[in-house]
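Step one of this worksheet: look at the structure below.
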Amino acid sequence: MKRSFTLMFAITLLWSCQNTQKKSCCKSKESLPYFGKAGKRSKTTNTDLKTFNVTEYGAIPNDQTDDTDAIQATIDAASQAEGGIVLIPKGKYIVLSDKSQKVIEINHSNIHIQGQGEGKDGTIIMSMNPRTQPNDQSPWLSPSVFHTGLQIHDTYSFYNIKDQEGKIKVTKDARKGADKLSIESTNGIHAGDVVLIGMQNQKDQPSLMKKLMNDMKFEKFQTSYSEAKQKEEWSYQWFTEVKEVINDHEIMLTHKLRHDIETKYNASAVKMAMLNNISFTNLRFESQWEGGYVHHKTREFDYGWSAIGMNRVIDGMVKNITIDNYTQGVQLVNSTNTTVQDITITGIPGHYSIKLYHSNDNLFQRIHVLAKRTHGPSVEGASQGNVFTEFDFSTPQPLDFHGIGGVGLMPPMNNLMENMTNVSAIAGGAAPQNTPHAGPGNTFYNIEMTGNKHGAFHEVFHSWIYQNPKKFKIEKRDDCHIQYIGSNIIGVYNEQKNLTVNQKTNNISSKEVIVKELNSKPATPSLYHTQKEAGCKSNCGSK
């Protein structure tokens with residue numbers, strides 16, 4: 001009881017600080033990011049929306065006829081009505097029978113794809129063919145069976161502020177923790193809009209990328225990072241919703257800033273087109289994929305069989321879904337405040353369970369991965385504030401942080417992975433030039449882990465580069481935590497053996513890593529739920 005009280009007191013202290021304090025604990029080296037605003041915010045029940053039944057538009061369950069066009073026609077009808085519930089009754093529906101790139105698209109807000117059960121006696125979506133990008137296009141964003149926002153952005157490039165017209169200059173520096181931003185003009189911006197805020201490296205200023213990465217020294221092969229200043233890349237990119245337009249030159253944001261926004265880095269904002277309030281519930285996805293998965297053997301094996309793609313969505317929901325025999329499960333791209341929960345992934349081995357690109361403040365909870373995956377939940381690119389909680393794996397699988405996801409961009413920062421069992425290690429992917437795998441603030445809390453074997457030690461962190469010295473002409477290294485600069489390790493444990501960080505079991509406090517309670521469980525199982533219940537109004541500790 002004493003230990004539990006002590007830990008709760010310490011956590012509460014971290015979150016109860018106020019911006020007015022001269023020596024705010026928010027500035028503490030050991031403060032934690034705030035994750036309590038992750039996930040869908042809207043509590044609407046959609047009871048006022050019209051229901052559109054796919055069987056009334058030509059879909060016939062349990063036959064051999066393809067239902068892709070009928071389901072698309074139903075979605076289009078709901079879109080013309082400014083939103084609706086697309087009901088797919090029980091039965092098996094065959095989709096994607098041809099070998100084109102056509103998928104089922106959602107390009108309107110307030111569309112809800114609703115089945116009648118994720119079991120074998122429920123609503124089954126049977127995909128007959130992969131949707132793999134052509135060789136002249138990027139494979140990573142290959143479309144899913146259901147894919148949102150394809151009229152807003154394509155599937156072969158990442159949304160980037162440097163490519164956008166209409167950028168609005170930020171006119172005053174804004175400090176971390178602030179929720180107001182001064183810009184040249186608020187003309188055309190309204191409450192509820194989403195704005196992407198960016199900062200650009202400048203040749204006559206200290207490296208923005210190095211500052212974001214705790215001034216770490218980059219390896220020779222980490223060129224996407226080391227060359228960011230010289231190429232004046234837009235390294236910092238983060239988007240959030242506008243809560244209020246205060247006046248002609250000032251907006252209030254729904255989320256507090258996680259970094260200082262500095263005008264010397266050409267700080268700018270641009271309005272992003274988004275889809276609002278999209279959901280998928282009570283569905284079972286099956287496929288005709290024959291398996292034989294080998295990591296990176298073919299594009300089809302890595303990316304061709306994907307169930308749900310949420311692209312450019314705010315306030316979305318994916319709930320009560322089974323995904324059987326797919327190489328990718330649920331993918332989010334440039335999405336925010338979306339909840340993905342109660343997902344079961346079964347069948348043959350594949351690439352990803354959950355994949356996240358350049359997305360903020362999403363919640364993934366109660367995810368059951370019963371199929372082997374190369375990467376467990378995977379976060380890539382400029383992603384912040386995302387929460388992954390209550391995951392379990394049938395075989396030990398790694399937690400993947402996948403680097404920058406685009407030339408010159410920041411890597412994932414300030415994300416939470418917690419309350420998980422049967423994790424192998426924190427073992428990021430990404431091409432060498434796109435590492436380090438992660439930036440500061442990523443927090444790993446209450447995780448049961450086997451550890452990655454480095455000789456006699458069971459390491460929490462693993463980097464395929466540092467453990468592959470011949471290929472990269474470097475010495476073999478165990479300080480893999482440097483590839484995940486500024487991580488927080490709290491309550492990562494194994495009941496049978498000691499886990500280590502750089503061959504050490506003791507607590508560490510440095511700009512490279514903070515380690516607390518290694519090899520013991522924390523008294524409170526969920527940092528996310530505790531923070532959310534505490535409701536820290538100042539979002540203290542946001543890094």
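Chain lettering (A, B, ...) mirrors the order of the structure tokens, residue numbering begins at 1 for each chain separately, and ligand numbering begins at 1 in order of display.
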- Query: Mind checking DSSP for range 279-526 of chain A and telling me the helix (DSSP H, G or I) residues as a PyMOL selection string?
  - Reply: chain A and resi 299-304+432-434+469-472+480-483
Atoms kept (C-alpha atoms) for selection, written as a PDB file, in the first residue's frame:
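result05.pdb written:
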ATOM      1  CA  ARG A 299       5.521  -5.690 -52.196  1.00  0.00           C
ATOM      2  CA  GLU A 300       2.453  -7.878 -51.947  1.00  0.00           C
ATOM      3  CA  PHE A 301       3.814  -9.673 -48.867  1.00  0.00           C
ATOM      4  CA  ASP A 302       4.596  -6.397 -47.112  1.00  0.00           C
ATOM      5  CA  TYR A 303       1.729  -4.127 -48.131  1.00  0.00           C
ATOM      6  CA  GLY A 304      -0.693  -5.747 -50.595  1.00  0.00           C
ATOM      7  CA  PRO A 432      19.662   3.344 -42.119  1.00  0.00           C
ATOM      8  CA  GLN A 433      19.474   6.885 -43.513  1.00  0.00           C
ATOM      9  CA  ASN A 434      16.079   7.322 -41.824  1.00  0.00           C
ATOM     10  CA  PRO A 469      28.530  -4.326 -37.619  1.00  0.00           C
ATOM     11  CA  LYS A 470      29.887  -5.922 -40.779  1.00  0.00           C
ATOM     12  CA  LYS A 471      27.252  -4.387 -43.009  1.00  0.00           C
ATOM     13  CA  PHE A 472      27.701  -0.877 -41.614  1.00  0.00           C
ATOM     14  CA  CYS A 480      20.806   0.700 -28.720  1.00  0.00           C
ATOM     15  CA  HIS A 481      18.737   3.082 -26.581  1.00  0.00           C
ATOM     16  CA  ILE A 482      20.549   5.945 -28.345  1.00  0.00           C
ATOM     17  CA  GLN A 483      18.580   5.051 -31.457  1.00  0.00           C
TER      18      GLN A 483
END
- Task: May I have all residues of range 154-209 of chain A that DSSP, computed from the backbone, assigns to strand (DSSP E), given as number ranges by chain?
- Result: A: 168-169, 180-182, 194-199
- Query: For Asn362 in chain A, which residue among A:Ser383, A:Ser31, A:Asn468, A:Gln133 is the nearest when counting only C-alpha atoms?
  - Reply: A:Ser383
- Message: Set the distance at 10 Å and use only C-alpha atoms: which residues neighbour Ala77 in chain A once local chain neighbours fewer than 6 positions away are removed? I'd like the list as JSON, numbers by chain.
- Response: {"A": [52, 57, 71, 83, 84, 86]}
- Lys92 in chain A environment, 7 Å, only C-alpha atoms, sequence neighbours closer than 5 positions dropped, as number ranges by chain: A: 61-62, 123-126
- Provide the CA of Val194 in chain A to CA of Thr530 in chain A distance in Å, to one decimal place.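 Separation of CA of Val194 in chain A and CA of Thr530 in chain A: 27.7 Å.
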- Using only C-alpha atoms, which residues sit within 12 Å of Lys271 in chain A once same-chain residues fewer than 3 positions away are excluded, as a count of residues only? 27
Where does range 229-295 of chain A meet range 398-418 of chain A within 7 Å, residue by residue, with the nearest atom pair and distance in Å to one decimal for each, counting only C-alpha atoms, listed by chain and rising number, as CSV?
residue,atom,partner,partner_atom,distance
A:Glu233,CA,A:Gly408,CA,5.3
A:Trp234,CA,A:Leu409,CA,6.4
A:Ser235,CA,A:Leu409,CA,4.1
A:Tyr236,CA,A:Met410,CA,5.8
- Task: Find the residues around Asn247 in chain A up to 10 Å (only C-alpha atoms counted), leave out those fewer than 3 positions away in its own chain, and share them as a list of chain:residue names.
- Result: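 The contact residues come out as A:Ser182, A:Ser185, A:Thr186, A:Asn187, A:Glu244, A:Glu250, A:Ile251, A:Met252.
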- Query: Which one of A:Leu370, A:Ile88, A:Met216, A:Ala427 sits closest to Gln467 in chain A if you count only C-alpha atoms?
  - Reply: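 Among the listed residues, A:Ala427 lies closest to Gln467 in chain A.
The smallest atom-to-atom distance between His153 in chain A and any of A:Ile354, A:Ala273, A:Val294, A:Ile246, using only C-alpha atoms, is found for A:Ala273.
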